[in-house]
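The next block is query.cif, given as mmCIF, N, CA and C atoms.
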```cif
data_work
loop_
_atom_site.label_atom_id
_atom_site.label_comp_id
_atom_site.auth_asym_id
_atom_site.auth_seq_id
_atom_site.Cartn_x
_atom_site.Cartn_y
_atom_site.Cartn_z
N VAL V 1 3.30 2.44 -4.82
CA VAL V 1 2.75 3.78 -4.73
C VAL V 1 1.65 3.80 -3.68
N GLN V 2 1.76 4.70 -2.75
CA GLN V 2 0.71 4.86 -1.74
C GLN V 2 0.03 6.21 -1.97
N LEU V 3 -1.31 6.19 -1.93
CA LEU V 3 -2.10 7.39 -2.14
C LEU V 3 -2.84 7.72 -0.86
N GLN V 4 -2.83 8.99 -0.51
CA GLN V 4 -3.51 9.45 0.70
C GLN V 4 -4.54 10.49 0.30
N ALA V 5 -5.81 10.11 0.43
CA ALA V 5 -6.89 11.05 0.12
C ALA V 5 -7.31 11.79 1.38
N SER V 6 -7.60 13.07 1.23
CA SER V 6 -8.02 13.87 2.38
C SER V 6 -8.89 15.02 1.90
N GLY V 7 -9.50 15.71 2.87
CA GLY V 7 -10.28 16.90 2.54
C GLY V 7 -11.78 16.73 2.61
N GLY V 8 -12.23 15.51 2.85
CA GLY V 8 -13.66 15.30 2.95
C GLY V 8 -14.24 15.91 4.22
N GLY V 9 -15.56 15.90 4.30
CA GLY V 9 -16.21 16.45 5.48
C GLY V 9 -17.69 16.64 5.25
N LEU V 10 -18.30 17.35 6.18
CA LEU V 10 -19.73 17.66 6.13
C LEU V 10 -19.89 19.09 5.63
N VAL V 11 -20.67 19.27 4.59
CA VAL V 11 -20.88 20.60 4.03
C VAL V 11 -22.33 20.74 3.60
N GLN V 12 -22.88 21.92 3.76
CA GLN V 12 -24.26 22.16 3.37
C GLN V 12 -24.39 22.22 1.85
N ALA V 13 -25.57 21.91 1.37
CA ALA V 13 -25.83 21.98 -0.07
C ALA V 13 -25.48 23.38 -0.59
N GLY V 14 -24.80 23.39 -1.73
CA GLY V 14 -24.35 24.64 -2.32
C GLY V 14 -22.95 25.03 -1.91
N GLY V 15 -22.40 24.33 -0.95
CA GLY V 15 -21.07 24.62 -0.46
C GLY V 15 -19.98 23.98 -1.30
N SER V 16 -18.74 24.12 -0.82
CA SER V 16 -17.57 23.63 -1.55
C SER V 16 -16.64 22.85 -0.65
N LEU V 17 -15.92 21.95 -1.27
CA LEU V 17 -14.84 21.22 -0.61
C LEU V 17 -13.73 21.01 -1.63
N ARG V 18 -12.50 20.87 -1.14
CA ARG V 18 -11.40 20.49 -2.02
C ARG V 18 -10.75 19.24 -1.47
N LEU V 19 -10.80 18.19 -2.26
CA LEU V 19 -10.15 16.94 -1.90
C LEU V 19 -8.72 16.95 -2.43
N SER V 20 -7.84 16.30 -1.69
CA SER V 20 -6.45 16.14 -2.11
C SER V 20 -6.08 14.68 -2.15
N CYS V 21 -5.23 14.35 -3.08
CA CYS V 21 -4.69 12.99 -3.20
C CYS V 21 -3.18 13.12 -3.28
N ALA V 22 -2.51 12.77 -2.20
CA ALA V 22 -1.06 12.91 -2.13
C ALA V 22 -0.41 11.54 -2.36
N ALA V 23 0.62 11.52 -3.18
CA ALA V 23 1.30 10.27 -3.52
C ALA V 23 2.64 10.19 -2.84
N SER V 24 3.08 8.94 -2.63
CA SER V 24 4.32 8.70 -1.90
C SER V 24 5.56 8.68 -2.79
N VAL V 25 5.35 8.79 -4.11
CA VAL V 25 6.48 8.66 -5.02
C VAL V 25 6.82 10.00 -5.66
N ARG V 26 8.11 10.21 -5.94
CA ARG V 26 8.55 11.44 -6.57
C ARG V 26 8.23 11.46 -8.05
N THR V 27 7.94 10.25 -8.60
CA THR V 27 7.63 10.16 -10.03
C THR V 27 6.14 10.23 -10.29
N PHE V 28 5.39 10.85 -9.39
CA PHE V 28 3.94 10.91 -9.53
C PHE V 28 3.54 11.59 -10.83
N GLY V 29 4.41 12.41 -11.36
CA GLY V 29 4.14 13.08 -12.61
C GLY V 29 4.00 12.14 -13.79
N ARG V 30 4.34 10.87 -13.61
CA ARG V 30 4.18 9.87 -14.66
C ARG V 30 2.83 9.18 -14.62
N TYR V 31 2.05 9.45 -13.58
CA TYR V 31 0.83 8.69 -13.35
C TYR V 31 -0.42 9.44 -13.78
N ASN V 32 -1.33 8.71 -14.37
CA ASN V 32 -2.68 9.20 -14.63
C ASN V 32 -3.52 8.93 -13.39
N VAL V 33 -4.37 9.88 -13.05
CA VAL V 33 -5.10 9.80 -11.78
C VAL V 33 -6.58 10.06 -11.99
N ALA V 34 -7.38 9.40 -11.18
CA ALA V 34 -8.83 9.63 -11.25
C ALA V 34 -9.42 9.65 -9.85
N TRP V 35 -10.58 10.25 -9.77
CA TRP V 35 -11.40 10.18 -8.57
C TRP V 35 -12.64 9.35 -8.89
N PHE V 36 -12.97 8.47 -7.96
CA PHE V 36 -14.20 7.70 -8.01
C PHE V 36 -14.95 7.93 -6.71
N ARG V 37 -16.22 7.57 -6.70
CA ARG V 37 -16.97 7.66 -5.45
C ARG V 37 -17.89 6.47 -5.32
N GLN V 38 -18.23 6.19 -4.08
CA GLN V 38 -19.07 5.03 -3.81
C GLN V 38 -19.99 5.30 -2.64
N VAL V 39 -21.24 4.90 -2.82
CA VAL V 39 -22.21 4.95 -1.72
C VAL V 39 -22.55 3.53 -1.33
N PRO V 40 -22.97 3.29 -0.10
CA PRO V 40 -23.25 1.92 0.34
C PRO V 40 -24.27 1.24 -0.57
N GLY V 41 -23.95 0.01 -0.93
CA GLY V 41 -24.87 -0.78 -1.74
C GLY V 41 -24.78 -0.52 -3.23
N LYS V 42 -23.89 0.39 -3.64
CA LYS V 42 -23.76 0.69 -5.06
C LYS V 42 -22.32 0.51 -5.50
N GLU V 43 -22.15 0.35 -6.80
CA GLU V 43 -20.81 0.20 -7.34
C GLU V 43 -20.08 1.54 -7.33
N CYS V 44 -18.77 1.41 -7.38
CA CYS V 44 -17.91 2.59 -7.48
C CYS V 44 -18.18 3.29 -8.82
N SER V 45 -18.32 4.61 -8.78
CA SER V 45 -18.62 5.33 -10.01
C SER V 45 -17.55 6.40 -10.29
N PHE V 46 -17.30 6.61 -11.54
CA PHE V 46 -16.29 7.56 -11.99
C PHE V 46 -16.73 8.99 -11.72
N VAL V 47 -15.77 9.81 -11.30
CA VAL V 47 -16.06 11.23 -11.06
C VAL V 47 -15.26 12.11 -12.03
N ALA V 48 -13.93 11.94 -12.02
CA ALA V 48 -13.09 12.79 -12.86
C ALA V 48 -11.74 12.12 -13.05
N ALA V 49 -11.06 12.48 -14.14
CA ALA V 49 -9.74 11.93 -14.44
C ALA V 49 -8.83 13.02 -14.98
N ILE V 50 -7.55 12.84 -14.74
CA ILE V 50 -6.55 13.75 -15.28
C ILE V 50 -5.34 12.93 -15.68
N ASN V 51 -4.75 13.25 -16.84
CA ASN V 51 -3.60 12.46 -17.23
C ASN V 51 -2.33 13.00 -16.59
N TRP V 52 -1.20 12.37 -16.90
CA TRP V 52 0.05 12.66 -16.20
C TRP V 52 0.48 14.12 -16.35
N SER V 53 0.19 14.73 -17.50
CA SER V 53 0.65 16.09 -17.73
C SER V 53 -0.38 17.15 -17.33
N GLY V 54 -1.61 16.70 -17.11
CA GLY V 54 -2.68 17.66 -16.88
C GLY V 54 -3.33 18.15 -18.14
N GLY V 55 -2.85 17.68 -19.28
CA GLY V 55 -3.38 18.12 -20.55
C GLY V 55 -4.69 17.46 -20.95
N PHE V 56 -5.05 16.42 -20.25
CA PHE V 56 -6.30 15.70 -20.51
C PHE V 56 -7.07 15.60 -19.21
N THR V 57 -8.32 16.06 -19.24
CA THR V 57 -9.21 15.88 -18.10
C THR V 57 -10.58 15.46 -18.62
N ASN V 58 -11.30 14.76 -17.79
CA ASN V 58 -12.66 14.37 -18.17
C ASN V 58 -13.48 14.18 -16.91
N TYR V 59 -14.80 14.38 -17.05
CA TYR V 59 -15.69 14.38 -15.90
C TYR V 59 -16.94 13.56 -16.18
N ALA V 60 -17.49 13.01 -15.12
CA ALA V 60 -18.81 12.41 -15.22
C ALA V 60 -19.82 13.52 -15.51
N ASP V 61 -20.86 13.20 -16.24
CA ASP V 61 -21.87 14.20 -16.58
C ASP V 61 -22.47 14.84 -15.34
N SER V 62 -22.60 14.07 -14.29
CA SER V 62 -23.25 14.55 -13.07
C SER V 62 -22.46 15.63 -12.34
N VAL V 63 -21.17 15.78 -12.66
CA VAL V 63 -20.35 16.76 -11.95
C VAL V 63 -19.78 17.84 -12.87
N LYS V 64 -20.00 17.72 -14.17
CA LYS V 64 -19.47 18.71 -15.11
C LYS V 64 -19.97 20.10 -14.76
N GLY V 65 -19.03 21.05 -14.78
CA GLY V 65 -19.38 22.43 -14.47
C GLY V 65 -19.35 22.73 -12.99
N ARG V 66 -19.26 21.71 -12.15
CA ARG V 66 -19.22 21.93 -10.69
C ARG V 66 -17.89 21.48 -10.07
N PHE V 67 -17.30 20.43 -10.62
CA PHE V 67 -16.06 19.87 -10.09
C PHE V 67 -14.91 20.17 -11.05
N THR V 68 -13.72 20.35 -10.48
CA THR V 68 -12.52 20.57 -11.29
C THR V 68 -11.39 19.73 -10.74
N ILE V 69 -10.78 18.94 -11.61
CA ILE V 69 -9.62 18.14 -11.22
C ILE V 69 -8.37 18.85 -11.71
N SER V 70 -7.33 18.84 -10.88
CA SER V 70 -6.08 19.49 -11.23
C SER V 70 -4.95 18.76 -10.52
N ARG V 71 -3.71 19.12 -10.88
CA ARG V 71 -2.59 18.46 -10.24
C ARG V 71 -1.40 19.40 -10.13
N THR V 72 -0.60 19.12 -9.13
CA THR V 72 0.67 19.81 -8.95
C THR V 72 1.72 18.73 -8.81
N ASN V 73 2.38 18.41 -9.91
CA ASN V 73 3.34 17.31 -9.88
C ASN V 73 4.53 17.61 -8.96
N ALA V 74 4.89 18.84 -8.85
CA ALA V 74 6.00 19.19 -7.97
C ALA V 74 5.69 18.82 -6.51
N GLN V 75 4.42 18.76 -6.18
CA GLN V 75 4.01 18.41 -4.82
C GLN V 75 3.37 17.04 -4.77
N ASN V 76 3.46 16.30 -5.90
CA ASN V 76 2.92 14.94 -5.94
C ASN V 76 1.47 14.87 -5.48
N THR V 77 0.67 15.82 -5.90
CA THR V 77 -0.70 15.91 -5.42
C THR V 77 -1.69 16.19 -6.55
N VAL V 78 -2.82 15.53 -6.47
CA VAL V 78 -3.95 15.80 -7.36
C VAL V 78 -5.10 16.31 -6.50
N TYR V 79 -5.83 17.27 -7.04
CA TYR V 79 -6.92 17.89 -6.31
C TYR V 79 -8.26 17.67 -7.01
N LEU V 80 -9.31 17.71 -6.23
CA LEU V 80 -10.67 17.73 -6.78
C LEU V 80 -11.42 18.86 -6.09
N GLN V 81 -11.58 19.96 -6.80
CA GLN V 81 -12.35 21.08 -6.27
C GLN V 81 -13.81 20.83 -6.57
N MET V 82 -14.62 20.80 -5.51
CA MET V 82 -16.03 20.48 -5.65
C MET V 82 -16.85 21.69 -5.21
N ASN V 83 -17.57 22.27 -6.14
CA ASN V 83 -18.42 23.43 -5.86
C ASN V 83 -19.89 23.06 -6.06
N SER V 84 -20.75 23.90 -5.54
CA SER V 84 -22.21 23.71 -5.69
C SER V 84 -22.61 22.28 -5.32
N LEU V 85 -22.13 21.84 -4.19
CA LEU V 85 -22.37 20.45 -3.79
C LEU V 85 -23.86 20.18 -3.56
N LYS V 86 -24.25 18.97 -3.89
CA LYS V 86 -25.63 18.52 -3.77
C LYS V 86 -25.69 17.30 -2.86
N PRO V 87 -26.84 17.02 -2.29
CA PRO V 87 -26.96 15.81 -1.45
C PRO V 87 -26.56 14.54 -2.19
N GLU V 88 -26.82 14.48 -3.49
CA GLU V 88 -26.45 13.28 -4.25
C GLU V 88 -24.95 13.13 -4.45
N ASP V 89 -24.16 14.12 -4.05
CA ASP V 89 -22.71 13.99 -4.08
C ASP V 89 -22.18 13.26 -2.85
N THR V 90 -23.04 12.99 -1.90
CA THR V 90 -22.62 12.28 -0.68
C THR V 90 -22.09 10.90 -1.04
N ALA V 91 -20.87 10.60 -0.61
CA ALA V 91 -20.22 9.33 -0.94
C ALA V 91 -18.85 9.30 -0.27
N VAL V 92 -18.23 8.13 -0.34
CA VAL V 92 -16.80 8.03 -0.04
C VAL V 92 -16.06 8.24 -1.36
N TYR V 93 -15.13 9.15 -1.36
CA TYR V 93 -14.37 9.49 -2.56
C TYR V 93 -12.99 8.85 -2.49
N TYR V 94 -12.62 8.18 -3.58
CA TYR V 94 -11.34 7.51 -3.69
C TYR V 94 -10.53 8.10 -4.83
N CYS V 95 -9.23 8.26 -4.60
CA CYS V 95 -8.36 8.58 -5.72
C CYS V 95 -7.64 7.30 -6.13
N ALA V 96 -7.33 7.23 -7.41
CA ALA V 96 -6.70 6.05 -7.97
C ALA V 96 -5.69 6.48 -9.03
N ALA V 97 -4.67 5.67 -9.23
CA ALA V 97 -3.60 6.04 -10.16
C ALA V 97 -3.12 4.85 -10.96
N THR V 98 -2.62 5.16 -12.15
CA THR V 98 -1.98 4.16 -12.99
C THR V 98 -0.86 4.82 -13.76
N ASP V 99 0.21 4.05 -14.04
CA ASP V 99 1.29 4.59 -14.86
C ASP V 99 1.18 4.10 -16.30
N ASN V 100 0.02 3.54 -16.63
CA ASN V 100 -0.25 3.12 -18.01
C ASN V 100 -0.74 4.34 -18.79
N SER V 101 0.07 4.79 -19.73
CA SER V 101 -0.28 5.97 -20.52
C SER V 101 -0.53 5.64 -21.97
N GLY V 102 -0.77 4.35 -22.25
CA GLY V 102 -1.03 3.96 -23.62
C GLY V 102 -2.42 4.35 -24.08
N SER V 103 -2.71 4.02 -25.33
CA SER V 103 -3.99 4.41 -25.91
C SER V 103 -5.16 3.78 -25.18
N VAL V 104 -4.94 2.62 -24.57
CA VAL V 104 -6.02 1.96 -23.84
C VAL V 104 -6.52 2.84 -22.71
N TYR V 105 -5.62 3.54 -22.06
CA TYR V 105 -6.02 4.38 -20.94
C TYR V 105 -7.05 5.41 -21.39
N TYR V 106 -6.81 6.03 -22.53
CA TYR V 106 -7.69 7.12 -22.97
C TYR V 106 -9.05 6.62 -23.46
N LYS V 107 -9.18 5.32 -23.62
CA LYS V 107 -10.47 4.73 -23.95
C LYS V 107 -11.19 4.24 -22.71
N ARG V 108 -10.44 3.97 -21.64
CA ARG V 108 -11.03 3.32 -20.47
C ARG V 108 -10.75 4.04 -19.16
N TYR V 109 -10.44 5.31 -19.23
CA TYR V 109 -10.03 6.05 -18.03
C TYR V 109 -11.12 6.10 -16.97
N ASN V 110 -12.38 5.89 -17.35
CA ASN V 110 -13.47 5.96 -16.40
C ASN V 110 -13.80 4.60 -15.77
N ARG V 111 -12.96 3.63 -15.96
CA ARG V 111 -13.21 2.29 -15.42
C ARG V 111 -12.25 1.99 -14.27
N PRO V 112 -12.77 1.57 -13.14
CA PRO V 112 -11.91 1.29 -11.98
C PRO V 112 -10.80 0.28 -12.28
N ALA V 113 -11.07 -0.69 -13.15
CA ALA V 113 -10.09 -1.75 -13.41
C ALA V 113 -8.81 -1.23 -14.05
N VAL V 114 -8.84 -0.02 -14.62
CA VAL V 114 -7.66 0.54 -15.27
C VAL V 114 -6.60 0.93 -14.25
N TYR V 115 -7.01 1.22 -13.04
CA TYR V 115 -6.13 1.81 -12.04
C TYR V 115 -5.53 0.75 -11.12
N ASP V 116 -4.24 0.89 -10.88
CA ASP V 116 -3.48 -0.09 -10.11
C ASP V 116 -3.36 0.27 -8.64
N TYR V 117 -3.46 1.54 -8.34
CA TYR V 117 -3.21 2.01 -6.97
C TYR V 117 -4.39 2.84 -6.50
N TRP V 118 -4.79 2.61 -5.26
CA TRP V 118 -5.97 3.26 -4.70
C TRP V 118 -5.67 3.84 -3.32
N GLY V 119 -6.25 4.99 -3.05
CA GLY V 119 -6.18 5.57 -1.72
C GLY V 119 -7.24 4.97 -0.82
N GLN V 120 -7.27 5.42 0.41
CA GLN V 120 -8.15 4.81 1.41
C GLN V 120 -9.56 5.39 1.41
N GLY V 121 -9.79 6.47 0.73
CA GLY V 121 -11.12 7.07 0.69
C GLY V 121 -11.31 8.16 1.71
N THR V 122 -12.13 9.14 1.35
CA THR V 122 -12.48 10.22 2.27
C THR V 122 -13.97 10.50 2.12
N GLN V 123 -14.66 10.63 3.24
CA GLN V 123 -16.12 10.77 3.23
C GLN V 123 -16.54 12.21 2.96
N VAL V 124 -17.46 12.36 2.03
CA VAL V 124 -18.08 13.65 1.76
C VAL V 124 -19.57 13.51 2.05
N THR V 125 -20.09 14.37 2.90
CA THR V 125 -21.50 14.31 3.27
C THR V 125 -22.16 15.66 3.03
N VAL V 126 -23.23 15.64 2.24
CA VAL V 126 -24.00 16.86 1.94
C VAL V 126 -25.43 16.55 2.37
N PRO V 127 -25.85 17.04 3.51
CA PRO V 127 -27.20 16.71 4.01
C PRO V 127 -28.29 17.27 3.10
N ALA V 128 -29.39 16.52 3.05
CA ALA V 128 -30.52 16.97 2.22
C ALA V 128 -31.23 18.13 2.87
#
```
I need this file expressed as structure tokens, please.
Amino acid sequence: VQLQASGGGLVQAGGSLRLSCAASVRTFGRYNVAWFRQVPGKECSFVAAINWSGGFTNYADSVKGRFTISRTNAQNTVYLQMNSLKPEDTAVYYCAATDNSGSVYYKRYNRPAVYDYWGQGTQVTVPA
């Protein structure tokens, strides 16, 4: 599975961006997907997750109410709509996927180690 993240850029505080994560497989609808972000010198941190059907979503506290994760399985794509962006949202954003849909996933969806496939990252910059 190859993941292609896109949509990053430079945006002023309070602005919006929509990130996309496009998958190379037609069976993407079987995969649980998450977005993580990383700033230099820090560990990768969880942003949002969505399960294979879209019936389960979860967010980091820092983005709740501002970010929305969604998916269109027919187009093999997961989105991250980011509104009311803040300077602290500046990071490289990665999408990640796993086809593990067991109970373990729902306990550990916010951990990078759960995910088997990763995109290349897209830079989001919100100047102070």
*Name the residues of range 2-114 of chain V that fall into alpha helix (DSSP H) according to DSSP on the backbone, using the chain letters and numbers of this document, as a list in words.*
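Residues meeting the alpha helix (DSSP H) criterion: Ser103, Val104, Tyr105, Tyr106, Lys107 and Arg108 of chain V.
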*Starting from the shown file, work through the PyMOL selection byres ((chain V and resi 46) around 6) and note down what comes out as a list in words.*
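Answer for the PyMOL selection byres ((chain V and resi 46) around 6): Trp35, Phe36, Arg37, Cys44, Ser45, Val47, Ala48, Ala60 and Asn110 of chain V.
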*Run the PyMOL selection byres (((chain V and resi 100 and name CA) around 9) and name CA) against the file shown and list the residues it catches, as number ranges by chain.*
V: 30-32, 98-99, 101-105, 114-115
_Ranking V:Ser62, V:Ser20, V:Thr125, V:Asn51 by minimum distance to Val78 in chain V and counting all atoms listed in the file, which one comes first?_
V:Ser20
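Pairwise distance (atom N of Gly41 in chain V, atom N of Val126 in chain V) equals 16.0 Å.
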_Give me the residues near Gln12 in chain V as a list in words, where near means some atom within 6 Å (using all atoms listed in the file) and where sequence neighbours in that chain fewer than 3 positions away do not count._
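Here the qualifying residues turn out to be Gly15, Leu85, Val126 and Pro127 of chain V.
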Save the residues we just selected, N, CA and C atoms, as a PDB file, in the frame of the given file?
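Dumped to part36.pdb:
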```pdb
ATOM      1  N   GLY V  15     -22.400  24.330  -0.950  1.00  0.00           N
ATOM      2  CA  GLY V  15     -21.070  24.620  -0.460  1.00  0.00           C
ATOM      3  C   GLY V  15     -19.980  23.980  -1.300  1.00  0.00           C
ATOM      4  N   LEU V  85     -22.130  21.840  -4.190  1.00  0.00           N
ATOM      5  CA  LEU V  85     -22.370  20.450  -3.790  1.00  0.00           C
ATOM      6  C   LEU V  85     -23.860  20.180  -3.560  1.00  0.00           C
ATOM      7  N   VAL V 126     -23.230  15.640   2.240  1.00  0.00           N
ATOM      8  CA  VAL V 126     -24.000  16.860   1.940  1.00  0.00           C
ATOM      9  C   VAL V 126     -25.430  16.550   2.370  1.00  0.00           C
ATOM     10  N   PRO V 127     -25.850  17.040   3.510  1.00  0.00           N
ATOM     11  CA  PRO V 127     -27.200  16.710   4.010  1.00  0.00           C
ATOM     12  C   PRO V 127     -28.290  17.270   3.100  1.00  0.00           C
TER      13      PRO V 127
END
```
*asked:* Could you list, as number ranges by chain, every residue within 7 Å of Leu3 in chain V, counting all atoms listed in the file and ignoring same-chain residues fewer than 4 positions away?
replied: V: 21-24, 95, 117-120
*So which one's closest to Val1 in chain V, V:Met82, V:Val63, V:Val25, V:Leu19? Using all atoms listed in the file, please.*
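Checking each candidate against Val1 in chain V, we get V:Val25 as the closest.
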_Closest of V:Gln123, V:Ser16, V:Gln4, V:Ser53 to Asn73 in chain V - atom-to-atom distances counting only C-alpha atoms_ =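 Closest to Asn73 in chain V of all the choices is V:Ser53.
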*Evaluate the PyMOL selection byres (((chain V and resi 70 and name CA) around 7) and name CA) and report residues as a list in words*: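 For this structure, the PyMOL selection byres (((chain V and resi 70 and name CA) around 7) and name CA) captures Gly54, Thr68, Ile69, Arg71, Val78, Tyr79 and Leu80 of chain V.
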*Take atom N of Val92 in chain V and CA of Val124 in chain V and report the distance between them in Å, one decimal.*
5.9 Å
From a DSSP calculation on the backbone, collect every residue of chain V in strand (DSSP E) and output the set as a compact mmCIF listing (two decimals) with N, CA and C atoms, in the coordinates of the input.
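Here's the written file part-v9.txt:
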```txt
# COMPACT_ATOMS: atom_id res chain seq x y z
N LEU V 3 -1.31 6.19 -1.93
CA LEU V 3 -2.10 7.39 -2.14
C LEU V 3 -2.84 7.72 -0.86
N GLN V 4 -2.83 8.99 -0.51
CA GLN V 4 -3.51 9.45 0.70
C GLN V 4 -4.54 10.49 0.30
N ALA V 5 -5.81 10.11 0.43
CA ALA V 5 -6.89 11.05 0.12
C ALA V 5 -7.31 11.79 1.38
N SER V 6 -7.60 13.07 1.23
CA SER V 6 -8.02 13.87 2.38
C SER V 6 -8.89 15.02 1.90
N GLY V 9 -15.56 15.90 4.30
CA GLY V 9 -16.21 16.45 5.48
C GLY V 9 -17.69 16.64 5.25
N LEU V 10 -18.30 17.35 6.18
CA LEU V 10 -19.73 17.66 6.13
C LEU V 10 -19.89 19.09 5.63
N LEU V 17 -15.92 21.95 -1.27
CA LEU V 17 -14.84 21.22 -0.61
C LEU V 17 -13.73 21.01 -1.63
N ARG V 18 -12.50 20.87 -1.14
CA ARG V 18 -11.40 20.49 -2.02
C ARG V 18 -10.75 19.24 -1.47
N LEU V 19 -10.80 18.19 -2.26
CA LEU V 19 -10.15 16.94 -1.90
C LEU V 19 -8.72 16.95 -2.43
N SER V 20 -7.84 16.30 -1.69
CA SER V 20 -6.45 16.14 -2.11
C SER V 20 -6.08 14.68 -2.15
N CYS V 21 -5.23 14.35 -3.08
CA CYS V 21 -4.69 12.99 -3.20
C CYS V 21 -3.18 13.12 -3.28
N ALA V 22 -2.51 12.77 -2.20
CA ALA V 22 -1.06 12.91 -2.13
C ALA V 22 -0.41 11.54 -2.36
N ALA V 23 0.62 11.52 -3.18
CA ALA V 23 1.30 10.27 -3.52
C ALA V 23 2.64 10.19 -2.84
N ASN V 32 -1.33 8.71 -14.37
CA ASN V 32 -2.68 9.20 -14.63
C ASN V 32 -3.52 8.93 -13.39
N VAL V 33 -4.37 9.88 -13.05
CA VAL V 33 -5.10 9.80 -11.78
C VAL V 33 -6.58 10.06 -11.99
N ALA V 34 -7.38 9.40 -11.18
CA ALA V 34 -8.83 9.63 -11.25
C ALA V 34 -9.42 9.65 -9.85
N TRP V 35 -10.58 10.25 -9.77
CA TRP V 35 -11.40 10.18 -8.57
C TRP V 35 -12.64 9.35 -8.89
N PHE V 36 -12.97 8.47 -7.96
CA PHE V 36 -14.20 7.70 -8.01
C PHE V 36 -14.95 7.93 -6.71
N ARG V 37 -16.22 7.57 -6.70
CA ARG V 37 -16.97 7.66 -5.45
C ARG V 37 -17.89 6.47 -5.32
N GLN V 38 -18.23 6.19 -4.08
CA GLN V 38 -19.07 5.03 -3.81
C GLN V 38 -19.99 5.30 -2.64
N SER V 45 -18.32 4.61 -8.78
CA SER V 45 -18.62 5.33 -10.01
C SER V 45 -17.55 6.40 -10.29
N PHE V 46 -17.30 6.61 -11.54
CA PHE V 46 -16.29 7.56 -11.99
C PHE V 46 -16.73 8.99 -11.72
N VAL V 47 -15.77 9.81 -11.30
CA VAL V 47 -16.06 11.23 -11.06
C VAL V 47 -15.26 12.11 -12.03
N ALA V 48 -13.93 11.94 -12.02
CA ALA V 48 -13.09 12.79 -12.86
C ALA V 48 -11.74 12.12 -13.05
N ALA V 49 -11.06 12.48 -14.14
CA ALA V 49 -9.74 11.93 -14.44
C ALA V 49 -8.83 13.02 -14.98
N ILE V 50 -7.55 12.84 -14.74
CA ILE V 50 -6.55 13.75 -15.28
C ILE V 50 -5.34 12.93 -15.68
N THR V 57 -8.32 16.06 -19.24
CA THR V 57 -9.21 15.88 -18.10
C THR V 57 -10.58 15.46 -18.62
N ASN V 58 -11.30 14.76 -17.79
CA ASN V 58 -12.66 14.37 -18.17
C ASN V 58 -13.48 14.18 -16.91
N TYR V 59 -14.80 14.38 -17.05
CA TYR V 59 -15.69 14.38 -15.90
C TYR V 59 -16.94 13.56 -16.18
N PHE V 67 -17.30 20.43 -10.62
CA PHE V 67 -16.06 19.87 -10.09
C PHE V 67 -14.91 20.17 -11.05
N THR V 68 -13.72 20.35 -10.48
CA THR V 68 -12.52 20.57 -11.29
C THR V 68 -11.39 19.73 -10.74
N ILE V 69 -10.78 18.94 -11.61
CA ILE V 69 -9.62 18.14 -11.22
C ILE V 69 -8.37 18.85 -11.71
N SER V 70 -7.33 18.84 -10.88
CA SER V 70 -6.08 19.49 -11.23
C SER V 70 -4.95 18.76 -10.52
N ARG V 71 -3.71 19.12 -10.88
CA ARG V 71 -2.59 18.46 -10.24
C ARG V 71 -1.40 19.40 -10.13
N THR V 72 -0.60 19.12 -9.13
CA THR V 72 0.67 19.81 -8.95
C THR V 72 1.72 18.73 -8.81
N THR V 77 0.67 15.82 -5.90
CA THR V 77 -0.70 15.91 -5.42
C THR V 77 -1.69 16.19 -6.55
N VAL V 78 -2.82 15.53 -6.47
CA VAL V 78 -3.95 15.80 -7.36
C VAL V 78 -5.10 16.31 -6.50
N TYR V 79 -5.83 17.27 -7.04
CA TYR V 79 -6.92 17.89 -6.31
C TYR V 79 -8.26 17.67 -7.01
N LEU V 80 -9.31 17.71 -6.23
CA LEU V 80 -10.67 17.73 -6.78
C LEU V 80 -11.42 18.86 -6.09
N GLN V 81 -11.58 19.96 -6.80
CA GLN V 81 -12.35 21.08 -6.27
C GLN V 81 -13.81 20.83 -6.57
N MET V 82 -14.62 20.80 -5.51
CA MET V 82 -16.03 20.48 -5.65
C MET V 82 -16.85 21.69 -5.21
N ALA V 91 -20.87 10.60 -0.61
CA ALA V 91 -20.22 9.33 -0.94
C ALA V 91 -18.85 9.30 -0.27
N VAL V 92 -18.23 8.13 -0.34
CA VAL V 92 -16.80 8.03 -0.04
C VAL V 92 -16.06 8.24 -1.36
N TYR V 93 -15.13 9.15 -1.36
CA TYR V 93 -14.37 9.49 -2.56
C TYR V 93 -12.99 8.85 -2.49
N TYR V 94 -12.62 8.18 -3.58
CA TYR V 94 -11.34 7.51 -3.69
C TYR V 94 -10.53 8.10 -4.83
N CYS V 95 -9.23 8.26 -4.60
CA CYS V 95 -8.36 8.58 -5.72
C CYS V 95 -7.64 7.30 -6.13
N ALA V 96 -7.33 7.23 -7.41
CA ALA V 96 -6.70 6.05 -7.97
C ALA V 96 -5.69 6.48 -9.03
N ALA V 97 -4.67 5.67 -9.23
CA ALA V 97 -3.60 6.04 -10.16
C ALA V 97 -3.12 4.85 -10.96
N THR V 98 -2.62 5.16 -12.15
CA THR V 98 -1.98 4.16 -12.99
C THR V 98 -0.86 4.82 -13.76
N TYR V 117 -3.46 1.54 -8.34
CA TYR V 117 -3.21 2.01 -6.97
C TYR V 117 -4.39 2.84 -6.50
N TRP V 118 -4.79 2.61 -5.26
CA TRP V 118 -5.97 3.26 -4.70
C TRP V 118 -5.67 3.84 -3.32
N THR V 122 -12.13 9.14 1.35
CA THR V 122 -12.48 10.22 2.27
C THR V 122 -13.97 10.50 2.12
N GLN V 123 -14.66 10.63 3.24
CA GLN V 123 -16.12 10.77 3.23
C GLN V 123 -16.54 12.21 2.96
N VAL V 124 -17.46 12.36 2.03
CA VAL V 124 -18.08 13.65 1.76
C VAL V 124 -19.57 13.51 2.05
N THR V 125 -20.09 14.37 2.90
CA THR V 125 -21.50 14.31 3.27
C THR V 125 -22.16 15.66 3.03
```
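The gap separating CA of Phe56 in chain V from CA of Gly9 in chain V is 27.8 Å, in Å to one decimal.
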_Close residues, Gly14 in chain V itself excluded, 6.5 Å, all atoms listed in the file, min 5 positions apart in chain, as number ranges by chain_ = V: 83-86
*With only N, CA and C atoms as the basis for distance, which of V:Ala113, V:Ala91, V:Ala96, V:Leu10 is at the shortest distance from Val39 in chain V?*
V:Ala91
*asked:* Given all atoms listed in the file as the basis, pick out the residue of V:Ile50, V:Glu88, V:Tyr94, V:Tyr106 nearest to Ala128 in chain V.
replied: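 Looking only at the distances to Ala128 in chain V, the closest residue turns out to be V:Glu88.
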